[in-house]
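Engineer: Next up is a structure, given as structure tokens.
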Amino acid sequence: NLRSRIAYTWPLSKHVLSIMAGDTFKQKFYSPHFHNEYWCLSCYKHEESGQIIVCLNLLRLPAALKSIECETQITLQRSATARPVCQLRGVHRMDIQYNNCVKFKVSVADSNALFRSMCSRLLVLQDGSEEHVAVQVQINVTKRNSKRMQTQQTADNSTQILNTYFEDEK
């Protein structure tokens, strides 16, 4: 079942950031699927501006839903510091067919600062783990737009679908 509030943290490794920093082919990196495989995150470096692009990808919806409307906040934070590098926000409508990806652009200055700080040295944290960038996403589903089917019984007692129409739910 698709919850109304979803939170997930993707630890983006220093290795991935160093590949991205030198990337000229717009290679995408993907998080594991989360929240019952409804969502995943991806990121890449924009080939012209050098910005980090973080994408929220809707992988599927429950069968009864046509689309959803949601508010999203994405925060990038270095694991070695308590202060976020940047926060990105958006309000969007998502569906599986045409609008299944929302892109959030990290500023050029913040992208360059992340690449410089994360790729210049190896930092091991007190717990023994390697420093990384935590990509934290919070999704608030504000509206669910349902599919409705109009059916009729046929002479042989089977059900015939006449048409599918959509109703918005609050």
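Please note that chains go A, B, ... in the order of the structure tokens, that every chain numbers its residues from 1, and that ligands are numbered from 1 in the order shown.
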Region 9-128 of chain A: which residues are strand (DSSP E or B) by DSSP, as a PyMOL selection string?
Structural biologist: chain A and resi 9-13+29-30+34+39-45+52-58+65-78+86-95+101-105+124
Engineer: What's around Glu37 (chain A) at 10 Å? Count only C-alpha atoms, leave out sequence neighbours fewer than 5 positions away in its own chain, and write the answer as a ChimeraX atom specification.
Structural biologist: /A:2,32,58-61
Engineer: Would you write out those residues with all heavy atoms, as a PDB file, in the first residue's frame?
Structural biologist:
```
ATOM      1  N   LEU A   2       0.496   2.234  -0.752  1.00  0.00           N
ATOM      2  CA  LEU A   2       1.246   3.479  -0.873  1.00  0.00           C
ATOM      3  C   LEU A   2       0.898   4.393   0.302  1.00  0.00           C
ATOM      4  O   LEU A   2      -0.238   4.829   0.433  1.00  0.00           O
ATOM      5  CB  LEU A   2       0.917   4.168  -2.201  1.00  0.00           C
ATOM      6  CG  LEU A   2       1.649   5.446  -2.524  1.00  0.00           C
ATOM      7  CD1 LEU A   2       3.134   5.171  -2.739  1.00  0.00           C
ATOM      8  CD2 LEU A   2       1.068   6.108  -3.751  1.00  0.00           C
ATOM      9  N   PRO A  32      18.790   1.765  -4.311  1.00  0.00           N
ATOM     10  CA  PRO A  32      17.881   0.618  -4.231  1.00  0.00           C
ATOM     11  C   PRO A  32      16.426   1.124  -4.248  1.00  0.00           C
ATOM     12  O   PRO A  32      16.156   2.263  -3.879  1.00  0.00           O
ATOM     13  CB  PRO A  32      18.210  -0.011  -2.869  1.00  0.00           C
ATOM     14  CG  PRO A  32      19.572   0.494  -2.531  1.00  0.00           C
ATOM     15  CD  PRO A  32      19.683   1.855  -3.157  1.00  0.00           C
ATOM     16  N   LEU A  58       9.165   7.358  -9.885  1.00  0.00           N
ATOM     17  CA  LEU A  58       8.005   6.566  -9.483  1.00  0.00           C
ATOM     18  C   LEU A  58       8.007   5.305 -10.333  1.00  0.00           C
ATOM     19  O   LEU A  58       7.911   5.375 -11.560  1.00  0.00           O
ATOM     20  CB  LEU A  58       6.713   7.361  -9.688  1.00  0.00           C
ATOM     21  CG  LEU A  58       5.415   6.674  -9.335  1.00  0.00           C
ATOM     22  CD1 LEU A  58       5.351   6.360  -7.838  1.00  0.00           C
ATOM     23  CD2 LEU A  58       4.221   7.538  -9.738  1.00  0.00           C
ATOM     24  N   LEU A  59       8.160   4.150  -9.698  1.00  0.00           N
ATOM     25  CA  LEU A  59       8.300   2.890 -10.426  1.00  0.00           C
ATOM     26  C   LEU A  59       6.962   2.216 -10.716  1.00  0.00           C
ATOM     27  O   LEU A  59       6.819   1.537 -11.732  1.00  0.00           O
ATOM     28  CB  LEU A  59       9.191   1.935  -9.635  1.00  0.00           C
ATOM     29  CG  LEU A  59      10.580   2.468  -9.315  1.00  0.00           C
ATOM     30  CD1 LEU A  59      11.335   1.492  -8.433  1.00  0.00           C
ATOM     31  CD2 LEU A  59      11.353   2.765 -10.583  1.00  0.00           C
ATOM     32  N   ARG A  60       6.010   2.369  -9.818  1.00  0.00           N
ATOM     33  CA  ARG A  60       4.702   1.760 -10.017  1.00  0.00           C
ATOM     34  C   ARG A  60       3.710   2.437  -9.091  1.00  0.00           C
ATOM     35  O   ARG A  60       4.093   3.195  -8.200  1.00  0.00           O
ATOM     36  CB  ARG A  60       4.744   0.258  -9.739  1.00  0.00           C
ATOM     37  CG  ARG A  60       5.049  -0.101  -8.302  1.00  0.00           C
ATOM     38  CD  ARG A  60       5.233  -1.598  -8.115  1.00  0.00           C
ATOM     39  NE  ARG A  60       5.455  -1.940  -6.722  1.00  0.00           N
ATOM     40  CZ  ARG A  60       4.547  -2.427  -5.908  1.00  0.00           C
ATOM     41  NH1 ARG A  60       3.323  -2.657  -6.340  1.00  0.00           N
ATOM     42  NH2 ARG A  60       4.840  -2.711  -4.651  1.00  0.00           N
ATOM     43  N   LEU A  61       2.440   2.174  -9.328  1.00  0.00           N
ATOM     44  CA  LEU A  61       1.357   2.648  -8.473  1.00  0.00           C
ATOM     45  C   LEU A  61       0.424   1.486  -8.178  1.00  0.00           C
ATOM     46  O   LEU A  61       0.365   0.527  -8.957  1.00  0.00           O
ATOM     47  CB  LEU A  61       0.547   3.742  -9.190  1.00  0.00           C
ATOM     48  CG  LEU A  61       1.124   5.146  -9.206  1.00  0.00           C
ATOM     49  CD1 LEU A  61       0.326   6.046 -10.140  1.00  0.00           C
ATOM     50  CD2 LEU A  61       1.156   5.745  -7.815  1.00  0.00           C
TER      51      LEU A  61
END
```
Engineer: What are the nearest atom pairs, with distances in Å to one decimal, for all residues of region 74-108 of chain A that come at most 7 Å from region 127-146 of chain A, using only C-alpha atoms, set out by chain and rising residue number as JSON lines?
Structural biologist:
```
{"residue": "A:Ile74", "atom": "CA", "partner": "A:Val137", "partner_atom": "CA", "distance": 4.5}
{"residue": "A:Thr75", "atom": "CA", "partner": "A:Gln136", "partner_atom": "CA", "distance": 5.1}
{"residue": "A:Leu76", "atom": "CA", "partner": "A:Val135", "partner_atom": "CA", "distance": 4.8}
{"residue": "A:Gln77", "atom": "CA", "partner": "A:Ala134", "partner_atom": "CA", "distance": 5.2}
{"residue": "A:Arg78", "atom": "CA", "partner": "A:Val133", "partner_atom": "CA", "distance": 4.4}
{"residue": "A:Ser79", "atom": "CA", "partner": "A:His132", "partner_atom": "CA", "distance": 5.5}
{"residue": "A:Ala80", "atom": "CA", "partner": "A:Glu131", "partner_atom": "CA", "distance": 6.3}
```
Engineer: For region 93-101 of chain A, list every protein, DNA or RNA residue within 7 Å, evaluated using only C-alpha atoms, and leave out those in the same chain fewer than 6 positions away; present the list as a PyMOL selection string.
Structural biologist: chain A and resi 55-60+66-70
Engineer: So what do you get for CA of Leu114 (chain A) versus CA of Ile52 (chain A), distance-wise?
Structural biologist: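 Between CA of Leu114 (chain A) and CA of Ile52 (chain A) the gap works out to 9.3 Å.
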